[in-house]
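Undergrad: Following this message is one structure expressed as structure tokens.
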Amino acid sequence: MTRHIKKAAVLGSGVMGSGIAAHLANIGIPVLLMDIVPKDAETSGSQVATLERKKVRNQLSLEAIKKLKKQKPAPLARHENADLIEAGNFEDDMHRLSEVDWIIEVVVENLDIKQKVFSQVEEHRRPGTIVSSNTSGISIEAMAEGRSEDFKRHFLGTHFFNPPRYLKLLEVIPTQQTDEQVTSFMKQFGEDVLGKGVVEAKDTPNFIANRIGTYGLLVTVREMMKQGVSVGEVDSVTGPALGRPKSATFRTLDVVGLDTFMHVAKNVYDQVEGDEKDVFDPPAFMKKMIEENMLGSKSGKGFYQKVKTDSRSDIQELNYETMEYESRRKMKAPSVQQSKQAKGKAAKMQALVYADDQAGKLVWNILKPTLLYAAEKAYEVADSIYDVDQAMKWGFGWELGPFETWDAIGLEKSAARMKEEGETLPEWVEEMLSSGKTSFYDGHATYYENGSYQKAAINEKVIHLKSWKNDNTVIMKNTGASLIDIGDDIAVLEFTSPNNSIGLDVMQMINKSIEEVEKNYKGLVINNQGKNFCVGANLMMILMEAQDMNYPEIDLVVRQFQQSMANIRYSEKPVVTAPFQMTLGGGTEIALPSAGLQASMETYMGLVETGVGLIPGGGGNKELYLRHLKAIPEGTKVDLQAVSNNVFELIAMAKVSTSAHEAQKYGFLRPQDDISINDDHLLHDAKQKALYLYEQGYRAPKREKIPVVGERGYATMLLGAKTLQYGGHVSDHDVKIAQKLAFVLAGGRVPYGSEVDEQYLLDLEREAFLSLVGEAKTQQRMQHMLTKGKPLRN
């Protein structure tokens, strides 16, 4: 039977429940968000009008929906998505569960309460409706006790990680009675529709990621206390140096919330025995932090506290012995510097792990028990070591899972050291090493399992560029980019420059790639699988040339950039750009002239050049203006001034979308452009879009005249900037940049409504760019961005 989830109900409107509702709304699924009736609402007299009374009884859900629009990071991809969430309550609206295809329980973590809720659910759900619990560790089997056979067959755990919009992991936990088809459907639905990284977990305390992650965090706390090092010192070596997020150990705990973490730890503590139980009993100072409401970000202080002074704000760390805050410290040891200088993740880790200094001892004594624990529990909590690694990467943001980490530091070498130190390896690891196998992985997603290496079952929509590339598929490459044949007569242009910045090498590859695709392929996809799509042009190169007053060279670079963007726009074969994460400045300029865009849900687009004292130089001003013009329905009177003002504001204020949905609102994406919910499927989706455009008989757009607002409109655009200047909100240099931008968008000194050609606008843009790059204050802004990573207002 074909199953669809057209509508869902979320039971429980707390932070997690409302976050799940927001995620469903972001992907277009209507949600009924329900909670209890507040006690004071029970007595709100029957004299109150029915509509008003309903609001009082739905108060918790209504307030939760309201909060979604204010929370940071934003659970909603755009505020309008909240319109898909309807408020309800458990007393008045349970009968409406018959309307939905999926019921998600997110009430308080108490087995008795959950069982009572499911008893009510069973009275109203349609047979065949999927019911799941978002519990972080209560037994799924226990929750289903006493329910009907149909309920049990359609019941399972679906454990989202918080915040649901941003954290990729979804643990699916079936019971022994769950229908295999239901499990299979939820896994596929989770990946294809919800955009999650789905791992099937066993019904054990805290499932996979929280079990291993919590253990690793508590081991770290104990080792910190044992060695007498500080919170800041631990974080300075347990972040990126170990392939972990920048938030490392204690900043992560502050973000998660210490109360949440302690609850998860207690859940395991209550269900295990022996030495393992001792580890899951947090030290006394953490319990005192709970008593003192030192919960982390949510309470304003935790392991760290931000202290504001007159001149600046300072981050202080908690001294866990005195329970006072002190200046933050970083670990000072030779291995820390050696790790920074090492090339590649494995070399960076090894520089720390095997160092005979304080940092090395700390890291080894944290990593050793965590790796052993992961190996000991792997088959208790999951079906494979691959699932364990994926869960830790998707749920905790690790770059490498525990078994990938073990391979990176050298399995044989580290295992021998563990045994020398009196540790016992899990039996299956000993057997693997004895058989001559010296790593857990043998290539991408090929992992050890029962005596041999197995290939992980990966969704066909996942195209892993690194493993795809070989001598037969790389068509051409240079220092900044590669052109790769990804099958079906589609090529992908992958940026490989530092931070995927745009320099002459990338421009050269854009031009060569289009030439090659026009001859031999059906279409081109511009995409890469770095941290960000592209954060703009090579700013360092431009600054150095400007400081040398080599303006002819800058002029040549800008001309080449504009020509490359024109080649994208007028390519005979469709060019589809697939942006994701940071797509700023030149990254957006590459996207705008493309025949089609396939954006990741988490795409942050914007023409941000004013932040470094410039305006877009690769045709971005013209392209964004054209997009806004073409968005006006045919037959509608065009208000050129309104269009110009809108585009001027977006560029002058360096506005960046907070999602692909907001990029649509700003006009960076058009109605015919598409959004991929699962960023692992982005390249596949972009490839399909390019094929579709080709098969529909794609024709390059014709060059056309562009109507502009001219001198009159230029003055109108500047009025807003001048008003801000008079109010002291912008500097003189900001106004100078605004003048240049307004002049370009207005089309110079021409009458209102004049039609000009594209090259004319590009020439105006290039002249403005060159005049600004020569300004001392612009060069100061560029220098500040390169050294500090944030804009300077001068």
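Labeling convention for the structure tokens: chains A, B, ... as they appear, residues from 1 per chain, ligands from 1 in order of appearance.
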Would you mind listing what lies within 7 Å of stretch 487-502 of chain A as a ChimeraX atom specification, with only C-alpha atoms counted and same-chain residues fewer than 6 positions away left out?
TA: /A:479-481,521-528,533-538,687
Undergrad: Kindly export the residues of the current selection with N, CA, C and O atoms, as an mmCIF file, in the first residue's frame.
TA:
data_model
loop_
_atom_site.group_PDB
_atom_site.id
_atom_site.type_symbol
_atom_site.label_atom_id
_atom_site.label_comp_id
_atom_site.auth_asym_id
_atom_site.auth_seq_id
_atom_site.Cartn_x
_atom_site.Cartn_y
_atom_site.Cartn_z
ATOM 1 N N THR A 479 43.887 24.699 -10.327
ATOM 2 C CA THR A 479 44.066 24.883 -8.877
ATOM 3 C C THR A 479 42.784 25.302 -8.165
ATOM 4 O O THR A 479 42.669 25.149 -6.954
ATOM 5 N N GLY A 480 41.803 25.829 -8.925
ATOM 6 C CA GLY A 480 40.615 26.369 -8.274
ATOM 7 C C GLY A 480 39.342 25.581 -8.448
ATOM 8 O O GLY A 480 38.367 25.809 -7.721
ATOM 9 N N ALA A 481 39.321 24.651 -9.424
ATOM 10 C CA ALA A 481 38.065 23.939 -9.686
ATOM 11 C C ALA A 481 38.312 22.691 -10.514
ATOM 12 O O ALA A 481 39.357 22.543 -11.156
ATOM 13 N N TYR A 521 27.826 17.790 -23.587
ATOM 14 C CA TYR A 521 26.957 17.403 -22.471
ATOM 15 C C TYR A 521 25.577 18.036 -22.597
ATOM 16 O O TYR A 521 25.369 18.960 -23.383
ATOM 17 N N LYS A 522 24.652 17.541 -21.784
ATOM 18 C CA LYS A 522 23.284 18.071 -21.798
ATOM 19 C C LYS A 522 23.128 19.267 -20.863
ATOM 20 O O LYS A 522 22.207 20.070 -21.027
ATOM 21 N N GLY A 523 23.993 19.355 -19.868
ATOM 22 C CA GLY A 523 23.870 20.461 -18.928
ATOM 23 C C GLY A 523 25.012 20.479 -17.940
ATOM 24 O O GLY A 523 25.787 19.516 -17.833
ATOM 25 N N LEU A 524 25.129 21.596 -17.227
ATOM 26 C CA LEU A 524 26.183 21.789 -16.230
ATOM 27 C C LEU A 524 25.556 22.117 -14.884
ATOM 28 O O LEU A 524 24.621 22.917 -14.801
ATOM 29 N N VAL A 525 26.078 21.490 -13.837
ATOM 30 C CA VAL A 525 25.695 21.823 -12.460
ATOM 31 C C VAL A 525 26.900 22.455 -11.784
ATOM 32 O O VAL A 525 28.011 21.933 -11.876
ATOM 33 N N ILE A 526 26.690 23.596 -11.134
ATOM 34 C CA ILE A 526 27.761 24.218 -10.340
ATOM 35 C C ILE A 526 27.470 23.932 -8.871
ATOM 36 O O ILE A 526 26.450 24.361 -8.328
ATOM 37 N N ASN A 527 28.352 23.156 -8.249
ATOM 38 C CA ASN A 527 28.134 22.702 -6.879
ATOM 39 C C ASN A 527 29.451 22.225 -6.303
ATOM 40 O O ASN A 527 30.393 21.930 -7.043
ATOM 41 N N ASN A 528 29.549 22.166 -5.000
ATOM 42 C CA ASN A 528 30.689 21.527 -4.343
ATOM 43 C C ASN A 528 30.187 20.982 -3.027
ATOM 44 O O ASN A 528 29.031 21.208 -2.654
ATOM 45 N N PHE A 533 28.961 26.996 0.073
ATOM 46 C CA PHE A 533 29.005 27.008 -1.390
ATOM 47 C C PHE A 533 30.097 27.949 -1.883
ATOM 48 O O PHE A 533 30.992 27.556 -2.618
ATOM 49 N N CYS A 534 30.047 29.212 -1.460
ATOM 50 C CA CYS A 534 31.049 30.191 -1.867
ATOM 51 C C CYS A 534 30.807 31.479 -1.100
ATOM 52 O O CYS A 534 29.693 31.994 -1.094
ATOM 53 N N VAL A 535 31.854 31.988 -0.456
ATOM 54 C CA VAL A 535 31.680 33.209 0.327
ATOM 55 C C VAL A 535 32.205 34.431 -0.421
ATOM 56 O O VAL A 535 32.401 35.482 0.180
ATOM 57 N N GLY A 536 32.390 34.302 -1.734
ATOM 58 C CA GLY A 536 32.692 35.474 -2.544
ATOM 59 C C GLY A 536 34.019 35.420 -3.266
ATOM 60 O O GLY A 536 34.672 34.385 -3.352
ATOM 61 N N ALA A 537 34.399 36.583 -3.791
ATOM 62 C CA ALA A 537 35.634 36.693 -4.565
ATOM 63 C C ALA A 537 36.845 36.618 -3.638
ATOM 64 O O ALA A 537 36.732 36.751 -2.417
ATOM 65 N N ASN A 538 38.008 36.418 -4.241
ATOM 66 C CA ASN A 538 39.260 36.358 -3.491
ATOM 67 C C ASN A 538 39.626 37.769 -3.033
ATOM 68 O O ASN A 538 40.274 38.539 -3.748
ATOM 69 N N LYS A 687 21.113 17.811 -10.626
ATOM 70 C CA LYS A 687 21.346 17.034 -11.857
ATOM 71 C C LYS A 687 20.025 16.757 -12.570
ATOM 72 O O LYS A 687 19.910 16.919 -13.798
#
Undergrad: Could you give me, as JSON lines, every stretch 608-693 of chain A residue with an atom at most 12 Å from stretch 164-168 of chain A, plus its closest atom pair and distance in Å to one decimal, counting only C-alpha atoms, rows ordered by chain then number?
TA:
{"residue": "A:Ser659", "atom": "CA", "partner": "A:Arg165", "partner_atom": "CA", "distance": 10.8}
{"residue": "A:Ile677", "atom": "CA", "partner": "A:Arg165", "partner_atom": "CA", "distance": 10.1}
{"residue": "A:Asn678", "atom": "CA", "partner": "A:Lys168", "partner_atom": "CA", "distance": 8.9}
{"residue": "A:Asp679", "atom": "CA", "partner": "A:Lys168", "partner_atom": "CA", "distance": 9.7}
{"residue": "A:Asp680", "atom": "CA", "partner": "A:Lys168", "partner_atom": "CA", "distance": 10.4}
Undergrad: Near A:Tyr320, within 12 Å and counting only C-alpha atoms, which residues show up once chain neighbours fewer than 4 positions away are dropped, as an mmCIF file with C-alpha atoms, in the first residue's frame?
TA:
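Result file result18.cif:
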data_model
loop_
_atom_site.group_PDB
_atom_site.id
_atom_site.type_symbol
_atom_site.label_atom_id
_atom_site.label_comp_id
_atom_site.auth_asym_id
_atom_site.auth_seq_id
_atom_site.Cartn_x
_atom_site.Cartn_y
_atom_site.Cartn_z
ATOM 1 C CA VAL A 221 34.526 16.178 32.762
ATOM 2 C CA ARG A 222 36.117 13.521 34.966
ATOM 3 C CA MET A 224 39.408 17.552 33.461
ATOM 4 C CA MET A 225 38.969 17.280 37.226
ATOM 5 C CA GLY A 228 43.214 19.880 37.278
ATOM 6 C CA VAL A 229 42.775 21.729 33.981
ATOM 7 C CA SER A 230 40.145 24.372 33.278
ATOM 8 C CA VAL A 231 36.928 24.403 31.257
ATOM 9 C CA GLY A 232 38.508 26.655 28.617
ATOM 10 C CA PHE A 250 31.466 22.767 27.516
ATOM 11 C CA PRO A 283 30.088 15.141 39.623
ATOM 12 C CA ALA A 284 28.783 17.250 42.502
ATOM 13 C CA PHE A 285 29.684 20.620 40.951
ATOM 14 C CA MET A 286 27.376 19.928 37.974
ATOM 15 C CA LYS A 287 24.515 19.099 40.340
ATOM 16 C CA LYS A 288 25.212 22.361 42.167
ATOM 17 C CA MET A 289 25.051 24.209 38.843
ATOM 18 C CA MET A 294 23.483 27.778 35.851
ATOM 19 C CA GLY A 302 26.651 27.957 32.639
ATOM 20 C CA PHE A 303 30.191 26.779 32.004
ATOM 21 C CA TYR A 304 30.687 30.192 30.404
ATOM 22 C CA GLU A 324 33.214 31.602 40.408
ATOM 23 C CA TYR A 325 33.860 32.929 36.895
ATOM 24 C CA GLU A 326 37.385 33.739 35.717
#
Undergrad: Write out as a PyMOL selection string all residues of stretch 616-694 of chain A that DSSP puts in helix (DSSP H, G or I) for this structure's backbone.
TA: chain A and resi 620-630+640-652+660-666+679-694
Undergrad: Counting only C-alpha atoms, which of A:Ala25, A:Leu683, A:Ala408, A:Val730 gets nearest to A:Ala9?
TA: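 Closest to A:Ala9 of all the choices is A:Ala25.
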Undergrad: Write out as a VMD selection string all residues of stretch 456-557 of chain A that backbone DSSP assigns to strand (DSSP E or B).
TA: chain A and resid 474 to 477 481 to 485 490 to 495 502 523 to 526 534 537
Undergrad: Report the distance between atom CA of A:Ala333 and atom CA of A:Lys368 in Å, rounded to one decimal place.
TA: 19.9 Å
Undergrad: Name all residues at most 8 Å from stretch 570-584 of chain A (count only C-alpha atoms; drop same-chain ones fewer than 4 positions away) and give them as a short mmCIF file (atom, residue, chain, number, x, y, z; two decimals) with N, CA, C and O atoms, in the first residue's frame.
TA:
data_model
loop_
_atom_site.label_atom_id
_atom_site.label_comp_id
_atom_site.auth_asym_id
_atom_site.auth_seq_id
_atom_site.Cartn_x
_atom_site.Cartn_y
_atom_site.Cartn_z
N ILE A 514 31.81 25.63 -19.50
CA ILE A 514 30.65 25.92 -20.35
C ILE A 514 30.95 25.56 -21.80
O ILE A 514 30.12 24.98 -22.51
N VAL A 517 30.76 21.75 -22.01
CA VAL A 517 29.38 21.26 -21.87
C VAL A 517 28.57 21.58 -23.11
O VAL A 517 27.76 20.77 -23.57
N GLU A 518 28.77 22.74 -23.68
CA GLU A 518 28.04 23.10 -24.91
C GLU A 518 28.33 22.13 -26.04
O GLU A 518 27.46 21.83 -26.87
N TYR A 521 27.83 17.79 -23.59
CA TYR A 521 26.96 17.40 -22.47
C TYR A 521 25.58 18.04 -22.60
O TYR A 521 25.37 18.96 -23.38
N LYS A 522 24.65 17.54 -21.78
CA LYS A 522 23.28 18.07 -21.80
C LYS A 522 23.13 19.27 -20.86
O LYS A 522 22.21 20.07 -21.03
N GLY A 523 23.99 19.36 -19.87
CA GLY A 523 23.87 20.46 -18.93
C GLY A 523 25.01 20.48 -17.94
O GLY A 523 25.79 19.52 -17.83
N LEU A 524 25.13 21.60 -17.23
CA LEU A 524 26.18 21.79 -16.23
C LEU A 524 25.56 22.12 -14.88
O LEU A 524 24.62 22.92 -14.80
N VAL A 525 26.08 21.49 -13.84
CA VAL A 525 25.69 21.82 -12.46
C VAL A 525 26.90 22.46 -11.78
O VAL A 525 28.01 21.93 -11.88
N ILE A 526 26.69 23.60 -11.13
CA ILE A 526 27.76 24.22 -10.34
C ILE A 526 27.47 23.93 -8.87
O ILE A 526 26.45 24.36 -8.33
N ASN A 527 28.35 23.16 -8.25
CA ASN A 527 28.13 22.70 -6.88
C ASN A 527 29.45 22.22 -6.30
O ASN A 527 30.39 21.93 -7.04
N LYS A 531 32.24 23.25 3.16
CA LYS A 531 31.47 23.75 4.29
C LYS A 531 30.42 24.75 3.82
O LYS A 531 29.29 24.77 4.29
N ASN A 532 30.80 25.62 2.86
CA ASN A 532 29.90 26.61 2.28
C ASN A 532 30.01 26.56 0.77
O ASN A 532 31.05 26.16 0.22
N PHE A 533 28.96 27.00 0.07
CA PHE A 533 29.00 27.01 -1.39
C PHE A 533 30.10 27.95 -1.88
O PHE A 533 30.99 27.56 -2.62
N CYS A 534 30.05 29.21 -1.46
CA CYS A 534 31.05 30.19 -1.87
C CYS A 534 30.81 31.48 -1.10
O CYS A 534 29.69 31.99 -1.09
N VAL A 535 31.85 31.99 -0.46
CA VAL A 535 31.68 33.21 0.33
C VAL A 535 32.20 34.43 -0.42
O VAL A 535 32.40 35.48 0.18
N GLY A 536 32.39 34.30 -1.73
CA GLY A 536 32.69 35.47 -2.54
C GLY A 536 34.02 35.42 -3.27
O GLY A 536 34.67 34.39 -3.35
N ALA A 566 28.34 36.27 -17.66
CA ALA A 566 27.57 36.35 -18.90
C ALA A 566 27.57 34.99 -19.61
O ALA A 566 26.56 34.58 -20.20
N THR A 588 26.62 34.46 -4.71
CA THR A 588 25.28 34.81 -5.19
C THR A 588 25.32 35.27 -6.64
O THR A 588 24.42 34.97 -7.43
N ILE A 590 27.20 34.16 -8.95
CA ILE A 590 27.25 32.97 -9.81
C ILE A 590 25.86 32.36 -9.95
O ILE A 590 25.46 31.91 -11.01
N ALA A 591 25.11 32.39 -8.85
CA ALA A 591 23.77 31.78 -8.85
C ALA A 591 22.77 32.56 -9.70
O ALA A 591 21.96 31.97 -10.42
N SER A 594 22.15 31.92 -13.55
CA SER A 594 21.97 30.51 -13.93
C SER A 594 20.58 30.26 -14.49
O SER A 594 19.60 30.91 -14.09
N ALA A 595 20.49 29.28 -15.38
CA ALA A 595 19.18 28.91 -15.96
C ALA A 595 18.24 28.40 -14.88
O ALA A 595 17.03 28.60 -14.95
N GLY A 596 18.79 27.73 -13.88
CA GLY A 596 17.97 27.21 -12.78
C GLY A 596 18.77 27.16 -11.50
O GLY A 596 20.00 27.04 -11.53
N LEU A 597 18.06 27.26 -10.38
CA LEU A 597 18.70 27.11 -9.08
C LEU A 597 18.05 25.95 -8.35
O LEU A 597 16.83 25.80 -8.37
N GLN A 598 18.88 25.14 -7.71
CA GLN A 598 18.41 24.08 -6.82
C GLN A 598 19.10 24.35 -5.50
O GLN A 598 20.27 24.01 -5.30
N ALA A 599 18.40 25.03 -4.60
CA ALA A 599 19.02 25.48 -3.36
C ALA A 599 18.74 24.53 -2.21
O ALA A 599 17.66 23.96 -2.11
N SER A 600 19.71 24.40 -1.33
CA SER A 600 19.47 23.68 -0.08
C SER A 600 18.54 24.52 0.79
O SER A 600 18.55 25.75 0.72
N MET A 601 17.73 23.86 1.63
CA MET A 601 16.86 24.58 2.56
C MET A 601 17.68 25.60 3.37
O MET A 601 17.26 26.73 3.59
N GLU A 602 18.87 25.19 3.80
CA GLU A 602 19.73 26.09 4.58
C GLU A 602 20.69 26.79 3.63
O GLU A 602 21.86 26.45 3.51
N THR A 603 20.16 27.78 2.91
CA THR A 603 20.98 28.59 2.00
C THR A 603 20.88 30.04 2.43
O THR A 603 19.78 30.59 2.53
N TYR A 604 22.04 30.64 2.70
CA TYR A 604 22.09 32.01 3.20
C TYR A 604 22.70 32.89 2.10
O TYR A 604 23.92 32.99 1.99
N MET A 605 21.80 33.47 1.27
CA MET A 605 22.23 34.22 0.09
C MET A 605 22.19 35.72 0.35
O MET A 605 21.30 36.21 1.03
N GLY A 606 23.13 36.42 -0.27
CA GLY A 606 23.11 37.88 -0.17
C GLY A 606 24.27 38.50 -0.91
O GLY A 606 25.35 37.91 -1.03
N LEU A 607 24.04 39.69 -1.45
CA LEU A 607 25.10 40.49 -2.07
C LEU A 607 25.63 41.40 -0.97
O LEU A 607 25.03 42.42 -0.66
N VAL A 608 26.74 41.00 -0.37
CA VAL A 608 27.19 41.62 0.89
C VAL A 608 28.41 42.53 0.71
O VAL A 608 29.06 42.89 1.68
N VAL A 656 20.98 39.30 3.95
CA VAL A 656 21.25 37.88 3.70
C VAL A 656 20.04 37.08 4.11
O VAL A 656 19.51 37.26 5.21
N ASP A 679 20.13 18.20 2.26
CA ASP A 679 21.28 18.72 1.52
C ASP A 679 22.16 17.60 0.95
O ASP A 679 22.94 17.83 0.02
N LEU A 682 21.17 17.27 -2.63
CA LEU A 682 21.20 18.52 -3.41
C LEU A 682 21.79 18.32 -4.80
O LEU A 682 21.22 18.77 -5.80
N LEU A 683 22.92 17.64 -4.89
CA LEU A 683 23.57 17.46 -6.19
C LEU A 683 22.71 16.60 -7.10
O LEU A 683 22.57 16.88 -8.30
N ALA A 686 19.85 18.72 -8.35
CA ALA A 686 20.32 19.69 -9.34
C ALA A 686 20.57 19.01 -10.68
O ALA A 686 20.27 19.56 -11.75
N LYS A 687 21.11 17.81 -10.63
CA LYS A 687 21.35 17.03 -11.86
C LYS A 687 20.03 16.76 -12.57
O LYS A 687 19.91 16.92 -13.80
N LYS A 689 17.33 18.47 -12.34
CA LYS A 689 16.80 19.74 -12.85
C LYS A 689 17.46 20.10 -14.18
O LYS A 689 16.79 20.56 -15.12
N ALA A 690 18.78 19.90 -14.25
CA ALA A 690 19.50 20.19 -15.51
C ALA A 690 18.99 19.29 -16.63
O ALA A 690 18.77 19.75 -17.77
N LEU A 693 15.51 20.50 -17.75
CA LEU A 693 15.57 21.69 -18.60
C LEU A 693 16.02 21.33 -20.01
O LEU A 693 15.48 21.84 -21.00
N TYR A 694 17.01 20.45 -20.11
CA TYR A 694 17.50 20.03 -21.43
C TYR A 694 16.39 19.32 -22.22
O TYR A 694 16.15 19.62 -23.40
N TYR A 698 15.57 23.35 -23.75
CA TYR A 698 16.11 24.61 -23.23
C TYR A 698 16.74 25.47 -24.32
O TYR A 698 17.46 24.99 -25.18
N ARG A 699 16.44 26.77 -24.26
CA ARG A 699 17.05 27.76 -25.14
C ARG A 699 17.61 28.89 -24.28
O ARG A 699 16.93 29.35 -23.35
N ALA A 700 18.81 29.33 -24.61
CA ALA A 700 19.40 30.43 -23.84
C ALA A 700 18.57 31.69 -24.00
O ALA A 700 17.96 31.92 -25.05
N PRO A 701 18.52 32.54 -22.96
CA PRO A 701 17.75 33.79 -23.08
C PRO A 701 18.37 34.73 -24.11
O PRO A 701 19.57 34.66 -24.39
N LYS A 702 17.55 35.59 -24.68
CA LYS A 702 18.04 36.58 -25.64
C LYS A 702 18.49 37.83 -24.88
O LYS A 702 17.94 38.17 -23.84
#
Undergrad: Quick one: of A:His681, A:Asn478, A:Val307, A:Gly344, who's nearest to A:Asn459, counting only C-alpha atoms?
TA: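 Using only C-alpha atoms, the shortest distance to A:Asn459 belongs to A:His681.
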Undergrad: Between A:Val388, A:Ser297, A:Tyr215, A:Val234, which has the minimum distance to A:Val256 (counting only C-alpha atoms)?
TA: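 The answer is A:Ser297, which sits nearest to A:Val256.
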Undergrad: Where does stretch 153-229 of chain A meet stretch 389-395 of chain A within 9 Å, residue by residue, with the nearest atom pair and distance in Å to one decimal for each, counting only C-alpha atoms, listed by chain and rising number, as a tab-separated table?
TA:
residue	atom	partner	partner_atom	distance
A:Phe160	CA	A:Gly395	CA	9.0
A:Phe161	CA	A:Gly395	CA	6.5
A:Asn162	CA	A:Gly395	CA	9.0
A:Leu167	CA	A:Gly395	CA	6.4
A:Lys168	CA	A:Trp394	CA	5.2
A:Leu169	CA	A:Trp394	CA	4.7
A:Leu170	CA	A:Gly395	CA	8.1
A:Glu171	CA	A:Ala391	CA	7.9
A:Lys196	CA	A:Trp394	CA	8.7
A:Gly197	CA	A:Trp394	CA	6.6
A:Val198	CA	A:Ala391	CA	8.1
A:Val199	CA	A:Ala391	CA	6.5
A:Ile208	CA	A:Ala391	CA	6.7
A:Ala209	CA	A:Met392	CA	5.3
A:Asn210	CA	A:Gly395	CA	8.3
A:Ile212	CA	A:Met392	CA	8.0
A:Gly213	CA	A:Met392	CA	7.2
Undergrad: Write out, as a short mmCIF file (atom, residue, chain, number, x, y, z; two decimals), in the first residue's frame, the residues just selected, with C-alpha atoms.
TA:
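So the final result, stored in again.cif, reads:
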data_model
loop_
_atom_site.label_atom_id
_atom_site.label_comp_id
_atom_site.auth_asym_id
_atom_site.auth_seq_id
_atom_site.Cartn_x
_atom_site.Cartn_y
_atom_site.Cartn_z
CA PHE A 160 14.65 14.21 16.59
CA PHE A 161 17.61 16.21 17.85
CA ASN A 162 17.17 19.78 19.00
CA LEU A 167 20.29 19.06 13.52
CA LYS A 168 20.30 16.34 10.91
CA LEU A 169 19.95 13.16 12.96
CA LEU A 170 16.66 11.28 13.22
CA GLU A 171 16.84 8.02 15.17
CA LYS A 196 17.16 13.96 7.87
CA GLY A 197 20.06 11.62 8.25
CA VAL A 198 18.17 8.55 9.44
CA VAL A 199 19.65 5.81 11.59
CA ILE A 208 22.77 5.62 19.88
CA ALA A 209 24.02 9.22 19.81
CA ASN A 210 23.00 10.30 23.31
CA ILE A 212 27.83 7.46 23.37
CA GLY A 213 27.88 11.27 23.31
#
